[in-house]
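Q: Below you'll find the structure I mean.
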Amino acid sequence: MRVRKAVFPAAGLGTRFLPATKAQPKEMLPLVDKPIIQYGVEEALAAGCDQIIIVTGRGKQAIEDHFDVSYELERMLEERGKTDLLQIVRQISDMIHVAYVRQKEALGLGHAVLTARELIGNEPFAVLLADDVIDAEPSCLKQMIDAFETVQCSMVATQIVEGQAISAYGVLKVKAADGRFGGKLFEITDLVEKPKMKDAPSNLAVIGRYILTPGVFDVLSEIQAGAGGELQLTDGLRVLLKKEKMYGYVFDGKRHDTGDKLGFLKATVEFALKRSDLGGPLREYLQTLNLHKESPSK
């Protein structure tokens with residue numbers, strides 16, 4: 001089985017970034033000069049996924065517009081001879097075959113995945129949470145797909161998280177898999193959602209990249225809603241685990257949680273520092289700051 005389709009749940013309200021997200025999807029907030037969701041879409045394309053499915057909701061029209069052709073803008077740039085910008089704009093609309101499915105209510109990640117069932121059909125697929133921007137080469141999803149082609153089982157991305165921070169994640173209970181993939185692959189025996197540190201079965205946290213077999217749809221359509229009346233993907237994966245093997249893959253790369261304000265700021269700085277046009281001037285500016293000075297709040 002080959003992974004060709006990638007699902008992007010993007011129907012959330014983005015309340016942590018209000019008021020910026022009152023009229024703008026959080027997925028369109030820019031890291032430097034590129035929307036968060038575009039990083040994920042480019043990752044999926046680079047991993048070999050040629051069909052992108054974006055699960056949207058009310059107020060998400062800007063996402064569709066971003067990946068669509070903008071005739072007026074392209075004509076203006078062409079008339080003014082701004083060929084470099086014209087190329088950037090055209091690359092966005094030319095990069096993907098994209099389909100949209102509407103999640104009428106924000107009823108959880110599991111429900112968002114379930115709404116894509118008709119577009120996925122009977123084949124494995126990837127799920128990428130746009131908030132998790134992962135800086136890696138090869139990309140996190142490409143690393144996972146390479147492993148999936150061997151094991152042909154559902155898989156979640158995972159990373160080591162130490163201390164109290166583990167309580168903010170889904171956490172894997174695992175046993176050693178075979179020696180393939182340099183010890184990065186673990187067979188999952190259970191998943192625990194946001195445990196207390198003392199109850200965490202390991203230090204392996206689930207990160208927002210999944211490869212799922214189509215069997216997950218039957219499970220998600222049968223289980224009951226969990227916390228907050230939402231259909232939780234973790235609950236579905238725990239049931240799926242009783243029916244088929246599932247693996248955790250410890251990816252190489254740096255994950256940025258851009259759904260968190262501080263994480264978003266850190267990612268912006270780090271991505272800007274890597275830019276050839278911005279890195280030098282930004283580094284010089286940062287060196288002029290008195291970083292030991294107390295903040296006004298103190």
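The way I read the labels, and the way they are meant: chains A, B, ... in the order of the structure tokens, residue 1 as the first residue of every chain, and ligand 1 as the first ligand shown, with later ones counted on from there.
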Just list the residues in segment 5-254 of chain A DSSP gives strand (DSSP E) on the backbone, as number ranges by chain.
A: A: 5-9, 30-31, 34-35, 51-56, 97-102, 125-128, 132-135, 154-160, 170-176, 185-193, 204-212, 246-250, 254
Q: Pick out the residues sitting within 10 Å of Ala20 of chain A, and hand them over as a list in words; count only C-alpha atoms, and ignore anything fewer than 6 positions along from it in its own chain.
A: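 With the cut-off at 10 Å, the set is Gly14, Lys26 and Leu29 of chain A.
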Q: Which of these residues is nearest to Gly182 of chain A, using only C-alpha atoms: A:Ile211, A:Met197, A:Ala147, A:Val161?
A: A:Ala147
Q: Using only C-alpha atoms, find the one residue out of A:Arg4, A:Tyr210, A:Glu123, A:Arg58 that sits nearest to Lys22 of chain A.
A: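 Of the candidates, the smallest distance to Lys22 of chain A is held by A:Arg58.
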Q: Work out how far atom CA of Leu73 of chain A is from atom CA of Phe8 of chain A, in Å to one decimal.
A: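 Atom CA of Leu73 of chain A lies 26.3 Å from atom CA of Phe8 of chain A.
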Q: Excluding segment 132-145 of chain A and its own-chain neighbours fewer than 4 positions away, which residues fall within 8 Å of it when counting only C-alpha atoms? Please give them as a short mmCIF file (atom, residue, chain, number, x, y, z; two decimals) with C-alpha atoms, in the first residue's frame.
A:
```cif
data_model
loop_
_atom_site.label_atom_id
_atom_site.label_comp_id
_atom_site.auth_asym_id
_atom_site.auth_seq_id
_atom_site.Cartn_x
_atom_site.Cartn_y
_atom_site.Cartn_z
CA VAL A 3 0.43 6.69 0.91
CA ILE A 36 1.70 27.82 8.80
CA TYR A 39 4.78 24.33 5.53
CA GLY A 40 2.75 21.18 6.13
CA GLU A 43 6.07 18.55 3.57
CA ALA A 44 3.31 16.27 2.31
CA ALA A 46 7.87 16.33 -0.73
CA ALA A 47 6.94 12.99 0.89
CA GLY A 48 5.09 11.88 -2.25
CA GLU A 149 6.41 0.99 3.06
CA MET A 155 2.11 4.81 12.52
CA ALA A 157 5.30 10.37 14.90
CA ILE A 207 3.41 14.54 17.60
CA GLY A 208 1.04 15.77 14.89
CA ARG A 209 1.95 13.37 12.08
CA ILE A 211 -0.13 7.45 8.82
CA TYR A 249 8.44 6.46 14.81
CA PHE A 251 11.74 11.17 13.78
CA ASP A 252 14.90 13.18 13.21
CA GLY A 253 14.19 16.90 13.20
CA LYS A 254 13.01 19.83 15.31
CA ARG A 255 9.34 20.28 16.04
CA HIS A 256 7.87 23.75 16.59
CA ASP A 257 4.49 24.03 18.34
CA THR A 258 3.11 27.05 16.50
CA GLY A 259 -0.29 26.60 18.17
#
```
Q: With only C-alpha atoms as the basis for distance, which of A:Gly170, A:Phe17, A:Cys49, A:Val7 is at the shortest distance from Asp260 of chain A?
A: A:Phe17
Q: Would you list the contacts of segment 220-233 of chain A as a list in words, taking every protein, DNA or RNA residue within 8 Å and counting only C-alpha atoms, but skipping same-chain residues closer than 6 positions in sequence?
A: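 That gives Ala106, Leu107, Gly108, Leu109, Gly110, His111, Val113 and Leu114 of chain A.
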Q: Mind listing the helix (DSSP H, G or I) residues of segment 57-296 of chain A, per DSSP on the backbone, as a PyMOL selection string?
A: chain A and resi 61-66+71-79+83-94+109-115+117-120+140-151+163-168+180-183+197-199+215-222+227-229+233-241+261-273+279-288
Q: Please produce an output containing C-alpha atoms for each residue in the selection, written as a JSON list (two decimals), in the first residue's frame.
A:
```json
[["chain", "number", "residue", "atom", "x", "y", "z"],
["A", 61, "GLN", "CA", -12.28, 30.75, 3.14],
["A", 62, "ALA", "CA", -8.82, 32.33, 3.26],
["A", 63, "ILE", "CA", -7.21, 28.87, 3.15],
["A", 64, "GLU", "CA", -9.04, 28.00, -0.06],
["A", 65, "ASP", "CA", -8.16, 31.38, -1.56],
["A", 66, "HIS", "CA", -4.50, 30.93, -0.68],
["A", 71, "TYR", "CA", -5.79, 36.17, -11.55],
["A", 72, "GLU", "CA", -5.87, 39.82, -10.52],
["A", 73, "LEU", "CA", -2.72, 39.59, -8.41],
["A", 74, "GLU", "CA", -0.84, 37.63, -11.07],
["A", 75, "ARG", "CA", -1.82, 40.10, -13.79],
["A", 76, "MET", "CA", -0.72, 43.05, -11.66],
["A", 77, "LEU", "CA", 2.66, 41.46, -10.88],
["A", 78, "GLU", "CA", 3.17, 40.57, -14.53],
["A", 79, "GLU", "CA", 2.34, 44.08, -15.70],
["A", 83, "THR", "CA", 8.61, 38.19, -12.07],
["A", 84, "ASP", "CA", 10.19, 36.87, -8.85],
["A", 85, "LEU", "CA", 7.01, 37.51, -6.86],
["A", 86, "LEU", "CA", 4.88, 36.22, -9.73],
["A", 87, "GLN", "CA", 6.77, 32.93, -9.64],
["A", 88, "ILE", "CA", 6.25, 32.60, -5.88],
["A", 89, "VAL", "CA", 2.49, 33.21, -6.21],
["A", 90, "ARG", "CA", 2.12, 30.76, -9.09],
["A", 91, "GLN", "CA", 4.05, 28.07, -7.26],
["A", 92, "ILE", "CA", 1.41, 28.15, -4.50],
["A", 93, "SER", "CA", -1.54, 27.54, -6.80],
["A", 94, "ASP", "CA", 0.34, 25.09, -9.02],
["A", 109, "LEU", "CA", -9.80, 15.53, 15.71],
["A", 110, "GLY", "CA", -11.31, 12.09, 15.28],
["A", 111, "HIS", "CA", -14.43, 13.61, 13.77],
["A", 112, "ALA", "CA", -12.33, 15.77, 11.43],
["A", 113, "VAL", "CA", -10.52, 12.68, 10.14],
["A", 114, "LEU", "CA", -13.83, 10.83, 9.75],
["A", 115, "THR", "CA", -15.26, 13.60, 7.54],
["A", 117, "ARG", "CA", -13.64, 9.18, 4.63],
["A", 118, "GLU", "CA", -15.35, 9.49, 1.24],
["A", 119, "LEU", "CA", -12.35, 11.27, -0.27],
["A", 120, "ILE", "CA", -9.85, 8.77, 1.13],
["A", 140, "CYS", "CA", 9.22, 13.94, 9.14],
["A", 141, "LEU", "CA", 6.45, 12.53, 6.93],
["A", 142, "LYS", "CA", 8.97, 11.23, 4.38],
["A", 143, "GLN", "CA", 10.83, 9.40, 7.15],
["A", 144, "MET", "CA", 7.55, 7.84, 8.29],
["A", 145, "ILE", "CA", 6.42, 6.87, 4.79],
["A", 146, "ASP", "CA", 9.75, 5.15, 4.16],
["A", 147, "ALA", "CA", 9.13, 3.07, 7.29],
["A", 148, "PHE", "CA", 5.47, 2.47, 6.41],
["A", 149, "GLU", "CA", 6.41, 0.99, 3.06],
["A", 150, "THR", "CA", 8.16, -1.77, 4.99],
["A", 151, "VAL", "CA", 5.77, -2.43, 7.89],
["A", 163, "GLY", "CA", 9.57, 15.95, 32.90],
["A", 164, "GLN", "CA", 6.22, 17.57, 33.59],
["A", 165, "ALA", "CA", 5.79, 18.63, 29.94],
["A", 166, "ILE", "CA", 4.83, 15.03, 29.05],
["A", 167, "SER", "CA", 1.40, 15.69, 30.61],
["A", 168, "ALA", "CA", 0.47, 17.93, 27.68],
["A", 180, "ARG", "CA", 15.23, -1.83, 11.30],
["A", 181, "PHE", "CA", 15.34, 1.95, 10.99],
["A", 182, "GLY", "CA", 18.13, 2.40, 13.50],
["A", 183, "GLY", "CA", 16.04, 1.74, 16.58],
["A", 197, "MET", "CA", 3.95, 12.56, 34.85],
["A", 198, "LYS", "CA", 3.93, 9.71, 37.39],
["A", 199, "ASP", "CA", 1.40, 7.80, 35.29],
["A", 215, "GLY", "CA", -9.64, 0.58, 9.17],
["A", 216, "VAL", "CA", -9.56, 3.68, 11.38],
["A", 217, "PHE", "CA", -12.78, 4.92, 9.74],
["A", 218, "ASP", "CA", -14.85, 1.96, 10.93],
["A", 219, "VAL", "CA", -13.49, 2.46, 14.43],
["A", 220, "LEU", "CA", -14.18, 6.21, 14.49],
["A", 221, "SER", "CA", -17.74, 5.66, 13.25],
["A", 222, "GLU", "CA", -18.43, 3.20, 16.08],
["A", 227, "ALA", "CA", -14.13, 14.49, 26.70],
["A", 228, "GLY", "CA", -16.05, 17.66, 25.83],
["A", 229, "GLY", "CA", -18.42, 15.75, 23.57],
["A", 233, "LEU", "CA", -8.57, 10.36, 17.52],
["A", 234, "THR", "CA", -6.59, 8.86, 20.41],
["A", 235, "ASP", "CA", -9.66, 6.89, 21.51],
["A", 236, "GLY", "CA", -10.05, 5.58, 17.98],
["A", 237, "LEU", "CA", -6.40, 4.57, 17.77],
["A", 238, "ARG", "CA", -6.66, 2.63, 21.05],
["A", 239, "VAL", "CA", -9.51, 0.56, 19.59],
["A", 240, "LEU", "CA", -7.70, 0.15, 16.26],
["A", 241, "LEU", "CA", -4.69, -1.12, 18.22],
["A", 261, "LYS", "CA", 2.22, 31.80, 21.29],
["A", 262, "LEU", "CA", 5.74, 31.33, 22.59],
["A", 263, "GLY", "CA", 6.30, 28.40, 20.25],
["A", 264, "PHE", "CA", 5.09, 30.53, 17.35],
["A", 265, "LEU", "CA", 7.51, 33.32, 18.25],
["A", 266, "LYS", "CA", 10.44, 30.92, 18.58],
["A", 267, "ALA", "CA", 9.66, 29.31, 15.24],
["A", 268, "THR", "CA", 9.45, 32.70, 13.54],
["A", 269, "VAL", "CA", 12.87, 33.70, 14.83],
["A", 270, "GLU", "CA", 14.51, 30.37, 13.98],
["A", 271, "PHE", "CA", 13.09, 30.19, 10.47],
["A", 272, "ALA", "CA", 14.07, 33.81, 9.83],
["A", 273, "LEU", "CA", 17.63, 33.17, 11.04],
["A", 279, "GLY", "CA", 19.39, 35.78, 8.84],
["A", 280, "GLY", "CA", 22.36, 38.15, 8.91],
["A", 281, "PRO", "CA", 20.47, 41.38, 9.65],
["A", 282, "LEU", "CA", 18.22, 39.68, 12.20],
["A", 283, "ARG", "CA", 21.20, 38.16, 14.01],
["A", 284, "GLU", "CA", 22.85, 41.59, 14.18],
["A", 285, "TYR", "CA", 19.66, 43.11, 15.55],
["A", 286, "LEU", "CA", 19.24, 40.41, 18.22],
["A", 287, "GLN", "CA", 22.80, 41.03, 19.39],
["A", 288, "THR", "CA", 21.94, 44.68, 20.07]]
```
